[in-house]
$ cat final17.cif   # mmCIF, C-alpha atoms and all ligand atoms
data_data
loop_
_atom_site.label_atom_id
_atom_site.label_comp_id
_atom_site.auth_asym_id
_atom_site.auth_seq_id
_atom_site.Cartn_x
_atom_site.Cartn_y
_atom_site.Cartn_z
CA MET A 1 37.72 18.80 10.38
CA GLU A 2 36.66 16.44 13.15
CA GLU A 3 33.80 18.82 14.00
CA ASP A 4 32.76 18.84 10.38
CA ARG A 5 32.56 15.09 10.33
CA ILE A 6 30.47 15.02 13.49
CA SER A 7 28.05 17.66 12.22
CA GLN A 8 27.76 15.70 8.98
CA GLN A 9 26.83 12.61 10.94
CA GLN A 10 24.27 14.48 12.97
CA GLN A 11 22.78 16.23 9.99
CA LYS A 12 19.25 14.99 9.44
CA TYR A 13 18.35 13.52 6.11
CA ILE A 14 15.25 14.42 4.10
CA SER A 15 13.78 12.49 1.19
CA VAL A 16 11.65 14.27 -1.37
CA VAL A 17 9.47 11.83 -3.35
CA VAL A 18 8.06 13.03 -6.66
CA PRO A 19 5.98 10.91 -9.07
CA VAL A 20 6.32 12.04 -12.67
CA TYR A 21 4.45 10.99 -15.77
CA ASN A 22 5.40 12.71 -19.01
CA GLU A 23 6.73 15.82 -17.29
CA GLU A 24 9.65 16.59 -19.63
CA ALA A 25 9.00 20.32 -19.44
CA ASN A 26 8.81 20.39 -15.63
CA ILE A 27 11.54 18.10 -14.31
CA GLU A 28 14.51 20.43 -14.60
CA HIS A 29 12.69 23.49 -13.38
CA PHE A 30 11.36 21.56 -10.38
CA TYR A 31 14.83 20.18 -9.65
CA GLU A 32 16.35 23.66 -9.65
CA LYS A 33 13.69 25.00 -7.30
CA ILE A 34 14.03 22.09 -4.88
CA VAL A 35 17.80 22.41 -4.77
CA GLU A 36 17.49 26.15 -4.19
CA VAL A 37 15.13 25.62 -1.25
CA MET A 38 16.92 22.62 0.26
CA ASP A 39 20.34 24.26 0.02
CA GLY A 40 18.98 26.97 2.30
CA LEU A 41 18.13 24.38 4.97
CA PRO A 42 20.62 22.58 7.22
CA TYR A 43 19.78 19.10 5.95
CA ALA A 44 21.16 16.55 3.56
CA PHE A 45 18.55 15.34 1.09
CA GLU A 46 17.74 12.92 -1.68
CA LEU A 47 15.31 13.60 -4.50
CA ILE A 48 13.51 10.41 -5.52
CA TYR A 49 11.82 10.79 -8.89
CA VAL A 50 9.47 7.91 -9.62
CA ASP A 51 8.92 7.85 -13.34
CA ASP A 52 5.50 6.31 -13.82
CA GLY A 53 6.01 4.96 -17.35
CA SER A 54 6.71 8.20 -19.19
CA THR A 55 6.85 8.03 -22.96
CA ASP A 56 8.28 11.51 -23.56
CA ARG A 57 11.84 12.70 -22.82
CA SER A 58 11.37 12.53 -19.01
CA ARG A 59 13.62 9.49 -18.58
CA GLU A 60 16.41 10.95 -20.65
CA ILE A 61 16.30 14.13 -18.55
CA LEU A 62 16.30 12.12 -15.32
CA ARG A 63 19.32 10.09 -16.45
CA ARG A 64 21.15 13.32 -17.18
CA LEU A 65 20.24 14.83 -13.78
CA GLU A 66 21.36 11.68 -12.04
CA THR A 67 24.87 11.75 -13.48
CA HIS A 68 25.18 15.43 -12.68
CA ASP A 69 23.86 15.25 -9.08
CA ALA A 70 24.18 12.16 -6.91
CA ARG A 71 21.27 13.29 -4.72
CA VAL A 72 18.88 12.62 -7.61
CA GLN A 73 17.58 9.06 -7.41
CA PRO A 74 15.38 8.12 -10.35
CA VAL A 75 13.28 4.96 -10.27
CA PHE A 76 11.66 3.90 -13.53
CA LEU A 77 8.48 1.85 -13.33
CA SER A 78 7.84 -0.72 -16.05
CA ARG A 79 4.67 1.05 -17.22
CA ASN A 80 2.10 3.55 -15.99
CA PHE A 81 0.78 2.42 -12.61
CA GLY A 82 -0.92 5.66 -11.58
CA HIS A 83 -0.04 8.45 -9.22
CA GLN A 84 -0.89 6.62 -5.97
CA LEU A 85 1.23 3.55 -6.72
CA ALA A 86 4.11 5.67 -8.01
CA LEU A 87 4.03 7.54 -4.70
CA THR A 88 3.99 4.21 -2.86
CA CYS A 89 7.08 3.07 -4.77
CA GLY A 90 8.89 6.27 -3.72
CA LEU A 91 7.84 5.86 -0.08
CA ASP A 92 9.12 2.28 -0.11
CA ARG A 93 12.55 3.55 -1.14
CA ALA A 94 12.88 6.77 0.85
CA GLU A 95 15.59 6.66 3.49
CA GLY A 96 15.20 10.08 5.08
CA ASP A 97 14.46 10.94 8.71
CA ALA A 98 11.54 12.79 7.18
CA VAL A 99 9.93 12.13 3.81
CA ILE A 100 8.14 14.79 1.78
CA MET A 101 5.88 13.74 -1.09
CA MET A 102 4.80 16.25 -3.70
CA ASP A 103 3.81 16.69 -7.35
CA GLY A 104 6.47 17.57 -9.90
CA ASP A 105 4.54 20.25 -11.79
CA MET A 106 5.06 23.12 -9.30
CA GLN A 107 1.45 22.96 -8.15
CA HIS A 108 2.86 21.95 -4.78
CA PRO A 109 5.17 24.94 -4.20
CA PRO A 110 8.70 24.01 -3.09
CA SER A 111 8.77 27.31 -1.17
CA LEU A 112 6.51 25.62 1.40
CA LEU A 113 9.13 23.01 2.34
CA PRO A 114 10.81 25.11 5.09
CA THR A 115 7.40 25.49 6.79
CA LEU A 116 6.73 21.73 6.61
CA VAL A 117 10.14 20.96 8.04
CA ALA A 118 9.75 23.57 10.79
CA HIS A 119 6.54 21.85 11.98
CA TRP A 120 8.37 18.53 11.93
CA GLU A 121 11.13 20.00 14.08
CA GLU A 122 8.42 21.15 16.52
CA GLY A 123 7.56 17.49 16.99
CA TYR A 124 4.75 16.86 14.50
CA GLU A 125 4.96 13.46 12.80
CA VAL A 126 2.68 14.21 9.85
CA VAL A 127 2.45 17.66 8.31
CA GLN A 128 -0.48 17.64 5.90
CA THR A 129 -1.09 20.44 3.43
CA ILE A 130 -4.55 21.71 2.59
CA ARG A 131 -5.22 23.27 -0.78
CA ILE A 132 -7.42 26.31 -0.21
CA ALA A 133 -7.53 27.26 -3.90
CA THR A 134 -6.34 25.92 -7.22
CA GLU A 135 -5.65 28.58 -9.75
CA ASP A 136 -6.00 26.52 -12.89
CA ALA A 137 -8.88 24.24 -11.94
CA GLY A 138 -12.09 24.92 -13.82
CA PHE A 139 -15.33 25.61 -12.04
CA LEU A 140 -16.58 22.10 -12.70
CA LYS A 141 -13.51 20.39 -11.20
CA LYS A 142 -13.63 22.55 -8.08
CA TRP A 143 -17.33 22.04 -7.60
CA THR A 144 -17.33 18.27 -8.16
CA SER A 145 -14.31 17.90 -5.89
CA ALA A 146 -15.98 19.84 -3.04
CA LEU A 147 -19.17 17.85 -3.44
CA TYR A 148 -17.24 14.58 -3.53
CA TYR A 149 -15.42 15.24 -0.26
CA LYS A 150 -18.63 16.28 1.48
CA MET A 151 -20.27 13.04 0.42
CA LEU A 152 -17.21 10.93 1.26
CA ASN A 153 -17.08 12.39 4.75
CA ARG A 154 -20.73 11.61 5.28
CA ILE A 155 -20.33 7.95 4.44
CA SER A 156 -16.80 7.09 5.50
CA ARG A 157 -15.65 5.99 8.91
CA VAL A 158 -12.53 8.15 8.89
CA PRO A 159 -12.57 11.89 8.34
CA ILE A 160 -11.01 12.90 5.01
CA GLN A 161 -10.13 16.55 4.78
CA GLU A 162 -11.53 18.42 1.81
CA GLY A 163 -8.68 19.89 -0.23
CA GLY A 164 -6.17 17.54 1.39
CA ALA A 165 -3.41 17.15 -1.17
CA ASP A 166 -0.82 14.40 -1.59
CA PHE A 167 1.72 16.98 -0.51
CA ARG A 168 2.87 16.21 3.00
CA LEU A 169 5.77 15.52 5.25
CA MET A 170 5.92 12.27 7.21
CA ASP A 171 8.36 11.35 9.92
CA ARG A 172 10.43 8.25 9.25
CA LYS A 173 8.52 6.17 11.79
CA VAL A 174 5.22 6.95 10.07
CA VAL A 175 6.69 6.01 6.69
CA VAL A 176 7.99 2.71 8.08
CA GLU A 177 4.52 1.87 9.40
CA PHE A 178 2.86 3.07 6.21
CA ARG A 179 4.86 0.49 4.24
CA ARG A 180 2.81 -2.22 5.93
CA TYR A 181 -0.31 -1.06 4.09
CA ARG A 182 -0.26 -3.13 0.92
CA GLU A 183 -3.73 -2.67 -0.55
CA ARG A 184 -3.87 -1.98 -4.25
CA ALA A 185 -6.88 0.33 -4.42
CA ARG A 186 -5.41 3.03 -2.25
CA PHE A 187 -6.43 6.51 -1.39
CA ILE A 188 -3.28 7.60 0.40
CA ARG A 189 -4.74 10.75 1.91
CA GLY A 190 -7.40 8.73 3.73
CA LEU A 191 -4.94 6.06 4.89
CA ILE A 192 -2.56 8.56 6.42
CA GLY A 193 -5.35 10.61 7.99
CA ALA A 194 -6.53 7.46 9.76
CA MET A 195 -3.05 6.44 10.95
CA GLY A 196 -3.04 8.76 13.92
CA TYR A 197 0.28 10.19 15.18
CA ARG A 198 0.74 13.88 15.86
CA GLN A 199 -0.65 15.58 12.78
CA THR A 200 -0.86 19.21 11.82
CA GLN A 201 -1.95 21.13 8.74
CA VAL A 202 -0.56 23.87 6.56
CA GLU A 203 -2.71 25.73 4.03
CA PHE A 204 -1.51 26.65 0.58
CA ARG A 205 -2.72 28.02 -2.69
CA ALA A 206 -1.93 25.78 -5.68
CA PRO A 207 -0.59 27.86 -8.55
CA GLU A 208 -1.07 26.84 -12.16
CA ARG A 209 0.99 24.04 -13.58
CA TYR A 210 4.44 25.26 -14.64
CA ALA A 211 4.19 23.42 -17.98
CA GLY A 212 2.25 20.65 -19.66
CA ARG A 213 -1.25 19.42 -19.01
CA SER A 214 -2.86 17.54 -16.13
CA LYS A 215 -2.10 13.82 -16.32
CA PHE A 216 -5.41 12.91 -14.73
CA SER A 217 -7.86 11.98 -17.44
CA PRO A 218 -11.55 12.04 -16.47
CA ARG A 219 -11.38 8.22 -16.45
CA LYS A 220 -8.49 8.18 -13.96
CA MET A 221 -10.27 10.77 -11.86
CA ILE A 222 -13.46 8.70 -11.63
CA ARG A 223 -11.49 5.54 -10.82
CA PHE A 224 -9.65 7.40 -8.05
CA ALA A 225 -12.88 8.85 -6.65
CA LEU A 226 -14.50 5.41 -6.69
CA ASP A 227 -11.49 3.86 -4.92
CA GLY A 228 -11.90 6.47 -2.21
CA ILE A 229 -15.50 5.47 -1.62
CA LEU A 230 -15.00 1.70 -1.86
CA ALA A 231 -11.99 1.80 0.46
CA TYR A 232 -13.58 3.81 3.24
CA SER A 233 -17.22 2.91 3.26
CA THR A 234 -19.55 -0.04 2.96
CA ILE A 235 -22.60 2.19 3.06
CA PRO A 236 -23.24 1.87 -0.71
CA LEU A 237 -23.79 -1.84 -0.07
CA ARG A 238 -26.58 -0.91 2.29
CA ILE A 239 -28.39 1.13 -0.36
CA GLY A 240 -29.89 -2.17 -1.49
CA LEU A 241 -30.93 -3.06 2.04
CA TYR A 242 -32.52 0.32 2.84
CA GLY A 243 -34.09 0.52 -0.62
CA GLY A 244 -35.48 -2.99 -0.14
CA VAL A 245 -37.07 -2.07 3.20
CA ILE A 246 -38.65 1.07 1.74
CA CYS A 247 -39.94 -0.80 -1.33
CA GLY A 248 -41.27 -3.57 0.93
CA ALA A 249 -43.23 -1.06 3.01
CA LEU A 250 -44.57 0.64 -0.12
CA SER A 251 -45.61 -2.63 -1.71
CA PHE A 252 -47.46 -3.60 1.47
CA LEU A 253 -49.51 -0.39 1.16
CA LEU A 254 -50.08 -1.18 -2.49
CA PHE A 255 -51.21 -4.69 -1.54
CA LEU A 256 -53.79 -3.22 0.87
CA HIS A 257 -54.99 -0.98 -1.95
CA VAL A 258 -55.29 -3.98 -4.27
CA LEU A 259 -57.34 -5.92 -1.70
CA TYR A 260 -59.56 -2.89 -1.18
CA THR A 261 -60.29 -2.40 -4.91
CA LYS A 262 -60.84 -6.11 -5.44
CA PHE A 263 -63.08 -7.01 -2.53
CA ILE A 264 -64.67 -3.80 -1.25
CA GLU A 265 -65.02 -1.69 -4.40
CA ASP A 266 -65.01 -4.64 -6.79
CA THR A 267 -63.62 -2.42 -9.59
CA ALA A 268 -60.28 -4.13 -10.40
CA VAL A 269 -58.91 -2.55 -13.61
CA PRO A 270 -56.13 -3.80 -15.89
CA GLY A 271 -53.41 -1.54 -14.33
CA TRP A 272 -50.93 -1.82 -17.18
CA ALA A 273 -49.21 1.51 -16.52
CA THR A 274 -48.65 0.76 -12.83
CA ILE A 275 -47.19 -2.65 -13.54
CA THR A 276 -44.85 -1.37 -16.24
CA ALA A 277 -43.68 1.45 -13.99
CA CYS A 278 -43.05 -0.99 -11.10
CA VAL A 279 -41.16 -3.44 -13.28
CA LEU A 280 -38.94 -0.72 -14.70
CA PHE A 281 -38.28 0.79 -11.29
CA PHE A 282 -37.40 -2.49 -9.58
CA GLY A 283 -35.38 -3.69 -12.55
CA GLY A 284 -33.31 -0.54 -12.51
CA PHE A 285 -32.91 -0.60 -8.77
CA GLN A 286 -31.75 -4.21 -8.74
CA LEU A 287 -29.21 -3.62 -11.49
CA PHE A 288 -27.89 -0.59 -9.62
CA THR A 289 -27.36 -2.51 -6.37
CA LEU A 290 -25.87 -5.45 -8.26
CA GLY A 291 -23.44 -3.02 -9.85
CA ILE A 292 -22.39 -1.74 -6.45
CA ILE A 293 -21.87 -5.27 -5.15
CA GLY A 294 -19.89 -6.02 -8.31
CA GLU A 295 -17.55 -3.10 -7.59
CA TYR A 296 -16.76 -4.42 -4.13
CA ILE A 297 -16.27 -7.95 -5.42
CA SER A 298 -13.93 -6.81 -8.16
CA ASN A 299 -11.90 -4.96 -5.53
CA ILE A 300 -11.77 -8.11 -3.40
CA PHE A 301 -10.68 -10.07 -6.46
CA GLU A 302 -7.87 -7.62 -7.22
CA GLU A 303 -6.69 -7.58 -3.62
CA VAL A 304 -6.66 -11.34 -2.98
CA LYS A 305 -4.35 -11.90 -5.93
CA HIS A 306 -1.62 -10.14 -3.96
CA ARG A 307 0.17 -9.11 -7.09
CA PRO A 308 3.06 -6.67 -6.73
CA LEU A 309 1.76 -3.11 -6.55
CA TYR A 310 4.26 -1.85 -9.12
CA LEU A 311 7.18 -3.17 -11.15
CA VAL A 312 10.52 -1.42 -11.33
CA ALA A 313 12.38 -1.35 -14.62
CA ARG A 314 15.48 0.48 -13.45
CA GLU A 315 16.87 1.98 -10.27
CA LYS A 316 20.20 2.69 -8.67
CA PRO A 317 21.51 -0.41 -6.98
CA SER A 318 21.33 0.23 -3.27
CA LEU A 319 24.58 0.04 -1.35
CA SER A 320 23.29 -2.78 0.78
CA ARG A 321 22.48 -4.89 -2.26
CA ASP A 322 24.92 -6.51 -4.66
CA ALA A 323 25.45 -4.08 -7.47
CA ASP A 324 24.05 -6.02 -10.37
CA GLU A 325 24.80 -4.47 -13.74
CA ASP A 326 21.72 -6.10 -15.25
CA VAL A 327 19.42 -4.27 -12.89
CA TYR A 328 21.05 -0.94 -13.58
CA ARG A 329 20.41 -0.17 -17.20
N1 LIG B 401 1.26 11.43 -12.20
C1 LIG B 401 1.80 10.15 -12.19
N2 LIG B 401 1.09 9.13 -12.79
C2 LIG B 401 -0.13 9.32 -13.37
C3 LIG B 401 -0.69 10.63 -13.32
C4 LIG B 401 0.03 11.65 -12.73
O1 LIG B 401 2.90 9.92 -11.68
O2 LIG B 401 -0.70 8.37 -13.89
C5 LIG B 401 2.04 12.53 -11.56
C6 LIG B 401 2.20 13.79 -12.42
O3 LIG B 401 3.33 13.70 -13.24
C7 LIG B 401 2.32 14.88 -11.37
C8 LIG B 401 1.45 14.36 -10.23
O4 LIG B 401 1.33 12.95 -10.41
O5 LIG B 401 3.65 15.04 -10.90
C9 LIG B 401 0.07 15.02 -10.21
O6 LIG B 401 -0.55 14.89 -11.47
P1 LIG B 401 -1.30 16.08 -12.20
O7 LIG B 401 -0.56 17.37 -12.01
O8 LIG B 401 -1.53 15.65 -13.59
O9 LIG B 401 -2.66 16.11 -11.38
P2 LIG B 401 -3.57 17.42 -11.04
O10 LIG B 401 -2.65 18.42 -10.40
O11 LIG B 401 -4.10 17.89 -12.34
O12 LIG B 401 -4.61 16.90 -10.10
MG MG B 402 -0.88 19.12 -11.11
#
$ encode --input "final17.cif" --output "structure tokens" --more "lines below"
Ligand code: UDP
Ligand code: MG
Amino acid sequence: MEEDRISQQQQKYISVVVPVYNEEANIEHFYEKIVEVMDGLPYAFELIYVDDGSTDRSREILRRLETHDARVQPVFLSRNFGHQLALTCGLDRAEGDAVIMMDGDMQHPPSLLPTLVAHWEEGYEVVQTIRIATEDAGFLKKWTSALYYKMLNRISRVPIQEGGADFRLMDRKVVVEFRRYRERARFIRGLIGAMGYRQTQVEFRAPERYAGRSKFSPRKMIRFALDGILAYSTIPLRIGLYGGVICGALSFLLFLHVLYTKFIEDTAVPGWATITACVLFFGGFQLFTLGIIGEYISNIFEEVKHRPLYLVAREKPSLSRDADEDVYR
């Protein structure tokens, strides 16, 4: 009995953080698979579901799971804040010695958890997974994603692994430090890659979604891709500078040509086409660079407001806090 108590105290604790957005058809299946895998490991665990403003039956299912299994900890956000902020909310709440974040649609296979944990036990503080193939992604998504990471790595100061998924294990100390990053436009995979610590990688093949459709609309995808660029590089700002230097050099040559035609050849013609072409080109170029500057400024504007990153509508009162019935609806 006494031994039991001691082993319980020494048992390490693992938090699994899962953002869900309208995943009614996946939640239970995912829960069963996680429990199956975690029960085979010598750890206690909590399963933090961050419901990112679902409008389907997800919340009802989570409430049911919670009453049936105390290890399930649902947090309901007040509306949809997006995958990255939902993950952040889960990381802020995770209490485990190690925290694993993963998607709730079975595209991040729970069967990989023992491998992640084994690397952690070897002493690695971040175990990052790398997606080597996605079975349900169309050709276009795969191709644009590969191209995007190549470009991002060219222009960013920190290396960002192509195929790096938001499926990773982090040691508690990394999670505690990660909580100090409070920027809104976040690209978590880049932030963690740049944090240092002892990192290792595990490759996996992403199977098709178990049920439902991808929650990333093309609009969300573009926003996310743009956040990645704006957060890790200021090179786009220099496009204007480099472009300006090149145009300056070209216009100097043109100026010499103008002088030559005027004074040496004396055959100045009404170059309407050239002028129109120049005006259009410079107009377009200026608008483009202004647009880039505007993107950075709007990011600065969003960040300086220091608004909360997400709002919680309901969560289990923590033991350390006064249990307030109003909070726990
Ligand atoms: N997700 C979320 N908020 C969103 C979009 C997605 O919490 O606004 C969740 C979603 O429920 C899933 C994970 O993030 O658990 C990954 O989303 P999805 O599978 O749609 O992305 P994909 O695998 O298609 O890139
Ligand atoms: Mg998915």
$ closest_atom_pairs --input "final17.cif" --of "chain A" --to "ligand MG 402 (chain B)" --cutoff "10 Å" --atoms "all atoms listed in the file" --output "JSON lines"
{"residue": "A:Met102", "atom": "CA", "partner": "B:MG402", "partner_atom": "MG", "distance": 9.8}
{"residue": "A:Asp103", "atom": "CA", "partner": "B:MG402", "partner_atom": "MG", "distance": 6.5}
{"residue": "A:Gly104", "atom": "CA", "partner": "B:MG402", "partner_atom": "MG", "distance": 7.6}
{"residue": "A:Asp105", "atom": "CA", "partner": "B:MG402", "partner_atom": "MG", "distance": 5.6}
{"residue": "A:Met106", "atom": "CA", "partner": "B:MG402", "partner_atom": "MG", "distance": 7.4}
{"residue": "A:Gln107", "atom": "CA", "partner": "B:MG402", "partner_atom": "MG", "distance": 5.4}
{"residue": "A:His108", "atom": "CA", "partner": "B:MG402", "partner_atom": "MG", "distance": 7.9}
{"residue": "A:Thr134", "atom": "CA", "partner": "B:MG402", "partner_atom": "MG", "distance": 9.5}
{"residue": "A:Asp136", "atom": "CA", "partner": "B:MG402", "partner_atom": "MG", "distance": 9.2}
{"residue": "A:Ala137", "atom": "CA", "partner": "B:MG402", "partner_atom": "MG", "distance": 9.5}
{"residue": "A:Ala206", "atom": "CA", "partner": "B:MG402", "partner_atom": "MG", "distance": 8.7}
{"residue": "A:Pro207", "atom": "CA", "partner": "B:MG402", "partner_atom": "MG", "distance": 9.1}
{"residue": "A:Glu208", "atom": "CA", "partner": "B:MG402", "partner_atom": "MG", "distance": 7.8}
{"residue": "A:Arg209", "atom": "CA", "partner": "B:MG402", "partner_atom": "MG", "distance": 5.8}
{"residue": "A:Tyr210", "atom": "CA", "partner": "B:MG402", "partner_atom": "MG", "distance": 8.9}
{"residue": "A:Ala211", "atom": "CA", "partner": "B:MG402", "partner_atom": "MG", "distance": 9.6}
{"residue": "A:Gly212", "atom": "CA", "partner": "B:MG402", "partner_atom": "MG", "distance": 9.2}
{"residue": "A:Arg213", "atom": "CA", "partner": "B:MG402", "partner_atom": "MG", "distance": 7.9}
{"residue": "A:Ser214", "atom": "CA", "partner": "B:MG402", "partner_atom": "MG", "distance": 5.6}
{"residue": "A:Lys215", "atom": "CA", "partner": "B:MG402", "partner_atom": "MG", "distance": 7.5}
{"residue": "A:Phe216", "atom": "CA", "partner": "B:MG402", "partner_atom": "MG", "distance": 8.5}
$ closest_residue --input "final17.cif" --among "A:Tyr260, A:Phe224, A:Trp143, A:Tyr13" --to "ligand LIG 401 (chain B)" --atoms "all atoms listed in the file"
A:Phe224
$ closest_residue --input "final17.cif" --among "A:Gly138, A:Gly228, A:Gly164, A:Gly240" --to "Ile293 in chain A" --atoms "all atoms listed in the file"
A:Gly240
$ residues_around --input "final17.cif" --residues "Tyr21 in chain A" --least-positions-apart "6" --cutoff "6 Å" --atoms "all atoms listed in the file" --output "PyMOL selection string"
chain A and resi 51-52+54
$ closest_residue --input "final17.cif" --among "A:Ser145, A:Thr234, A:Gln10, A:Thr289" --to "ligand LIG 401 (chain B)" --atoms "only C-alpha atoms and all ligand atoms"
A:Ser145
